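Student: Please see the structure below; I have some questions.
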Amino acid sequence: MNEGTEKNKTISGRKKRIIMLDILRERRSIRRYKDREIETEKINLLKEAALRSPSSRGINSWRFLFVTDKTNLEELSRAKESGSSFLKGASLGVVVCAAQEESDVWVEDCSIASIILQLAGQSLGLGSCWIQIRKRMHSSNLTSEDYIKRVLSLPENLSVLSMIAFGYPDEDKRPVPKEQLEYEKILI
């Protein structure tokens with residue numbers, strides 16, 4: 001490999017890191033969305049991003065349900081006693097779940113996939129917000145997970161970790177200034 005080619009790879013690699021940092025700087029939890037459909041090609045890119053998410057030992061126990069039907073989104077927005085209602089205004093909801101028997105670290109794998117989806121959405125100009133489902137309640141006698149399984153007729157062997165709401169942002173949240181980052185949480 002000649003010096004010019006090696007230099008281009010370094011520049012290209014650095015450029016990718018800067019773009020990722022920009023995505024991380026700009027990403028905020030967005031809960032209000034414009035009444036605008038997400039283009040099929042962007043949804044397909046989100047699907048690809050989900051399937052490229054790393055998982056322990058490459059087992060890929062995660063599963064993803066991409067929901068665009070407004071009636072289903074409204075039903076899913078009632079999955080929790082609080083903290084999920086904004087899903088009804090989203091154009092897309094992604095239910096992140098796993099076949100728990102396939103991996104002892106399905107929670108970690110689904111968590112990684114959830115944030116990968118959010119970062120990919122940010123890179124596509126979409127706003128998103130994580131909705132925690134695991135260990136949350138729909139009502140005093142029904143878990144959020146069981147509620148979602150009923151709404152979507154999911155098989156019993158799937159465990160739901162989260163839902164991610166996506167849409168074109170209808171709110172403007174500024175990035176957290178660098179000087180407000182909690183550097184004291186970096187332990188030396």
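In the structure tokens, chains take the letters A, B, ... in the order shown, each chain's residues start at 1, and ligands count up from 1 in the order shown.
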Can you list, as an mmCIF file with N, CA and C atoms, in the first residue's frame, every protein, DNA or RNA residue that comes within 12 Å of Thr40 (chain A) when you count only C-alpha atoms, leaving out same-chain residues fewer than 3 positions away?

Tutor:
data_model
loop_
_atom_site.group_PDB
_atom_site.id
_atom_site.type_symbol
_atom_site.label_atom_id
_atom_site.label_comp_id
_atom_site.auth_asym_id
_atom_site.auth_seq_id
_atom_site.Cartn_x
_atom_site.Cartn_y
_atom_site.Cartn_z
ATOM 1 N N GLU A 37 -44.981 10.937 7.289
ATOM 2 C CA GLU A 37 -44.504 9.551 7.191
ATOM 3 C C GLU A 37 -42.999 9.517 6.986
ATOM 4 N N ILE A 43 -36.743 3.656 6.513
ATOM 5 C CA ILE A 43 -37.134 2.520 7.361
ATOM 6 C C ILE A 43 -36.270 1.306 7.032
ATOM 7 N N ASN A 44 -36.002 1.096 5.760
ATOM 8 C CA ASN A 44 -35.137 -0.022 5.365
ATOM 9 C C ASN A 44 -33.716 0.148 5.902
ATOM 10 N N LEU A 45 -33.219 1.391 5.945
ATOM 11 C CA LEU A 45 -31.894 1.641 6.520
ATOM 12 C C LEU A 45 -31.897 1.382 8.026
ATOM 13 N N LEU A 46 -32.981 1.718 8.690
ATOM 14 C CA LEU A 46 -33.095 1.407 10.119
ATOM 15 C C LEU A 46 -33.106 -0.104 10.345
ATOM 16 N N LYS A 47 -33.790 -0.827 9.474
ATOM 17 C CA LYS A 47 -33.801 -2.295 9.589
ATOM 18 C C LYS A 47 -32.391 -2.844 9.427
ATOM 19 N N PHE A 66 -41.281 -3.587 13.301
ATOM 20 C CA PHE A 66 -41.393 -2.217 12.817
ATOM 21 C C PHE A 66 -42.877 -1.929 12.607
ATOM 22 N N THR A 68 -45.850 0.779 11.765
ATOM 23 C CA THR A 68 -46.201 2.082 11.193
ATOM 24 C C THR A 68 -47.704 2.339 11.219
ATOM 25 N N SER A 91 -44.295 8.310 13.768
ATOM 26 C CA SER A 91 -44.586 7.673 12.482
ATOM 27 C C SER A 91 -44.166 6.215 12.471
ATOM 28 N N LEU A 92 -43.278 5.864 13.397
ATOM 29 C CA LEU A 92 -42.737 4.512 13.454
ATOM 30 C C LEU A 92 -42.443 4.157 14.898
#

Student: Where in chain A does DSSP assign strand (DSSP E or B), given as a PDB file with C-alpha atoms, in the first residue's frame?

Tutor:
ATOM      1  CA  SER A  29     -34.802  12.327  23.314  1.00  0.00           C
ATOM      2  CA  TYR A  33     -43.151  14.504  15.947  1.00  0.00           C
ATOM      3  CA  TRP A  62     -32.920 -10.034  19.201  1.00  0.00           C
ATOM      4  CA  ARG A  63     -36.049  -9.561  17.107  1.00  0.00           C
ATOM      5  CA  PHE A  64     -37.513  -6.304  15.783  1.00  0.00           C
ATOM      6  CA  LEU A  65     -41.076  -5.360  14.925  1.00  0.00           C
ATOM      7  CA  PHE A  66     -41.393  -2.217  12.817  1.00  0.00           C
ATOM      8  CA  VAL A  67     -44.840  -0.714  13.397  1.00  0.00           C
ATOM      9  CA  LEU A  92     -42.737   4.512  13.454  1.00  0.00           C
ATOM     10  CA  GLY A  93     -42.370   2.404  16.553  1.00  0.00           C
ATOM     11  CA  VAL A  94     -39.798  -0.356  16.782  1.00  0.00           C
ATOM     12  CA  VAL A  95     -40.417  -3.064  19.359  1.00  0.00           C
ATOM     13  CA  VAL A  96     -37.095  -4.562  20.436  1.00  0.00           C
ATOM     14  CA  CYS A  97     -37.406  -8.052  21.868  1.00  0.00           C
ATOM     15  CA  ALA A  98     -35.525 -11.326  22.042  1.00  0.00           C
ATOM     16  CA  ALA A  99     -35.867 -15.062  22.214  1.00  0.00           C
ATOM     17  CA  GLY A 127     -35.918  12.104  16.179  1.00  0.00           C
ATOM     18  CA  SER A 128     -36.378   9.186  18.542  1.00  0.00           C
ATOM     19  CA  CYS A 129     -37.004   8.254  22.137  1.00  0.00           C
ATOM     20  CA  TRP A 130     -36.463   5.002  24.028  1.00  0.00           C
ATOM     21  CA  ILE A 131     -39.443   3.562  25.888  1.00  0.00           C
ATOM     22  CA  GLN A 132     -38.411   1.128  28.619  1.00  0.00           C
ATOM     23  CA  MET A 137     -46.283  -2.030  34.285  1.00  0.00           C
ATOM     24  CA  HIS A 138     -49.238  -1.318  32.021  1.00  0.00           C
ATOM     25  CA  SER A 139     -51.598  -1.470  34.984  1.00  0.00           C
ATOM     26  CA  LEU A 142     -50.624  -6.438  33.784  1.00  0.00           C
ATOM     27  CA  THR A 143     -46.996  -5.909  32.769  1.00  0.00           C
ATOM     28  CA  LEU A 158     -40.248 -13.410  23.102  1.00  0.00           C
ATOM     29  CA  SER A 159     -39.230 -11.013  25.859  1.00  0.00           C
ATOM     30  CA  VAL A 160     -39.735  -7.300  25.167  1.00  0.00           C
ATOM     31  CA  LEU A 161     -37.000  -4.927  26.313  1.00  0.00           C
ATOM     32  CA  SER A 162     -37.987  -1.604  24.757  1.00  0.00           C
ATOM     33  CA  MET A 163     -39.821   0.317  22.104  1.00  0.00           C
ATOM     34  CA  ILE A 164     -38.239   3.131  20.134  1.00  0.00           C
ATOM     35  CA  ALA A 165     -40.448   5.931  18.809  1.00  0.00           C
ATOM     36  CA  PHE A 166     -39.298   7.576  15.566  1.00  0.00           C
ATOM     37  CA  GLY A 167     -40.477  10.559  13.583  1.00  0.00           C
ATOM     38  CA  PRO A 169     -38.873  16.141  15.179  1.00  0.00           C
TER      39      PRO A 169
END

Student: Going by DSSP on the backbone, which bits of region 10-180 of chain A are helix (DSSP H, G or I)? Write them as number ranges by chain, please.

Tutor: A: 10-26, 40-51, 56-58, 70-76, 85-89, 100-102, 106-123, 144-152, 178-180

Student: Keeping C-alpha atoms for every residue in the selection just given, could you write it to a file as a CSV table (one decimal), in the first residue's frame?

Tutor:
chain,number,residue,atom,x,y,z
A,10,THR,CA,-6.6,7.7,8.0
A,11,ILE,CA,-8.3,10.9,6.9
A,12,SER,CA,-11.4,8.8,6.0
A,13,GLY,CA,-11.3,7.0,9.4
A,14,ARG,CA,-11.0,10.3,11.2
A,15,LYS,CA,-13.9,11.8,9.3
A,16,LYS,CA,-16.1,8.9,10.3
A,17,ARG,CA,-15.2,9.5,14.0
A,18,ILE,CA,-16.1,13.2,13.7
A,19,ILE,CA,-19.4,12.3,12.1
A,20,MET,CA,-20.2,9.8,14.9
A,21,LEU,CA,-19.3,12.4,17.6
A,22,ASP,CA,-21.6,14.9,15.8
A,23,ILE,CA,-24.4,12.4,15.9
A,24,LEU,CA,-23.8,11.8,19.6
A,25,ARG,CA,-23.7,15.5,20.3
A,26,GLU,CA,-27.0,16.2,18.5
A,40,THR,CA,-39.6,3.5,3.1
A,41,GLU,CA,-35.9,3.8,2.2
A,42,LYS,CA,-35.2,5.3,5.6
A,43,ILE,CA,-37.1,2.5,7.4
A,44,ASN,CA,-35.1,0.0,5.4
A,45,LEU,CA,-31.9,1.6,6.5
A,46,LEU,CA,-33.1,1.4,10.1
A,47,LYS,CA,-33.8,-2.3,9.6
A,48,GLU,CA,-30.3,-2.8,8.2
A,49,ALA,CA,-28.8,-0.9,11.2
A,50,ALA,CA,-30.8,-3.1,13.6
A,51,LEU,CA,-29.5,-6.2,12.0
A,56,SER,CA,-22.7,-11.5,22.3
A,57,ARG,CA,-21.0,-14.3,20.5
A,58,GLY,CA,-22.9,-13.3,17.3
A,70,LYS,CA,-51.4,4.4,13.4
A,71,THR,CA,-54.0,2.3,15.2
A,72,ASN,CA,-51.2,-0.1,16.5
A,73,LEU,CA,-49.0,2.9,17.5
A,74,GLU,CA,-51.9,4.4,19.5
A,75,GLU,CA,-52.5,1.1,21.2
A,76,LEU,CA,-48.8,0.6,22.0
A,85,SER,CA,-48.0,8.1,25.4
A,86,PHE,CA,-45.8,10.1,22.9
A,87,LEU,CA,-45.6,7.0,20.7
A,88,LYS,CA,-49.1,7.7,19.3
A,89,GLY,CA,-47.6,10.8,17.6
A,100,GLN,CA,-34.6,-15.2,25.8
A,101,GLU,CA,-33.7,-18.9,25.6
A,102,GLU,CA,-31.1,-18.2,22.9
A,106,TRP,CA,-30.3,-10.8,25.6
A,107,VAL,CA,-30.9,-7.7,27.7
A,108,GLU,CA,-27.5,-6.3,26.8
A,109,ASP,CA,-27.8,-7.3,23.2
A,110,CYS,CA,-31.3,-5.6,22.9
A,111,SER,CA,-30.0,-2.5,24.7
A,112,ILE,CA,-27.1,-2.2,22.2
A,113,ALA,CA,-29.5,-2.7,19.3
A,114,SER,CA,-31.9,0.0,20.7
A,115,ILE,CA,-29.2,2.6,20.9
A,116,ILE,CA,-27.9,1.6,17.4
A,117,LEU,CA,-31.4,2.2,16.1
A,118,GLN,CA,-31.5,5.6,17.8
A,119,LEU,CA,-28.1,6.7,16.4
A,120,ALA,CA,-29.0,5.5,12.9
A,121,GLY,CA,-32.3,7.4,13.1
A,122,GLN,CA,-30.4,10.6,14.2
A,123,SER,CA,-28.0,10.2,11.2
A,144,SER,CA,-46.1,-3.6,29.9
A,145,GLU,CA,-44.5,-6.6,28.2
A,146,ASP,CA,-47.7,-8.8,28.4
A,147,TYR,CA,-49.8,-5.8,27.1
A,148,ILE,CA,-47.5,-5.5,24.1
A,149,LYS,CA,-47.6,-9.2,23.5
A,150,ARG,CA,-51.5,-9.1,23.4
A,151,VAL,CA,-51.6,-6.0,21.1
A,152,LEU,CA,-49.2,-7.5,18.6
A,178,LYS,CA,-19.6,20.2,26.5
A,179,GLU,CA,-18.8,22.1,29.7
A,180,GLN,CA,-22.0,20.6,31.3

Student: Please report the interatomic distance between CA of Ser77 (chain A) and CA of Arg32 (chain A) in Å with one decimal.

Tutor: 13.0 Å

Student: To one decimal place, how far is CA of Ser82 (chain A) from CA of Arg136 (chain A) in Å?

Tutor: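 About the pair CA of Ser82 (chain A) and CA of Arg136 (chain A): they are 9.7 Å apart.
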
Student: Rank nothing, just name the residue among A:Arg134, A:Asn141, A:Pro177, A:Ala90 nearest to Asp69 (chain A), using only C-alpha atoms.

Tutor: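 Of all the options, A:Ala90 lies closest to Asp69 (chain A).
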
Student: Go through A:Ser55, A:Tyr168, A:Ser103, A:Ala79 and flag the residue nearest Leu124 (chain A), using only C-alpha atoms for the distances.

Tutor: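 Answer, going by the shortest atom-to-atom distance: A:Tyr168.
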
Student: To one decimal in Å, tell me the separation between CA of Arg52 (chain A) and CA of Lys34 (chain A).

Tutor: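 Answer for the CA of Arg52 (chain A) to CA of Lys34 (chain A) separation: 28.0 Å.
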
Student: With distances taken over only C-alpha atoms, which of A:Glu171, A:Glu156, A:Glu182, A:Asp104 is nearest to Ile59 (chain A)?

Tutor: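 Looking only at the distances to Ile59 (chain A), the closest residue turns out to be A:Asp104.
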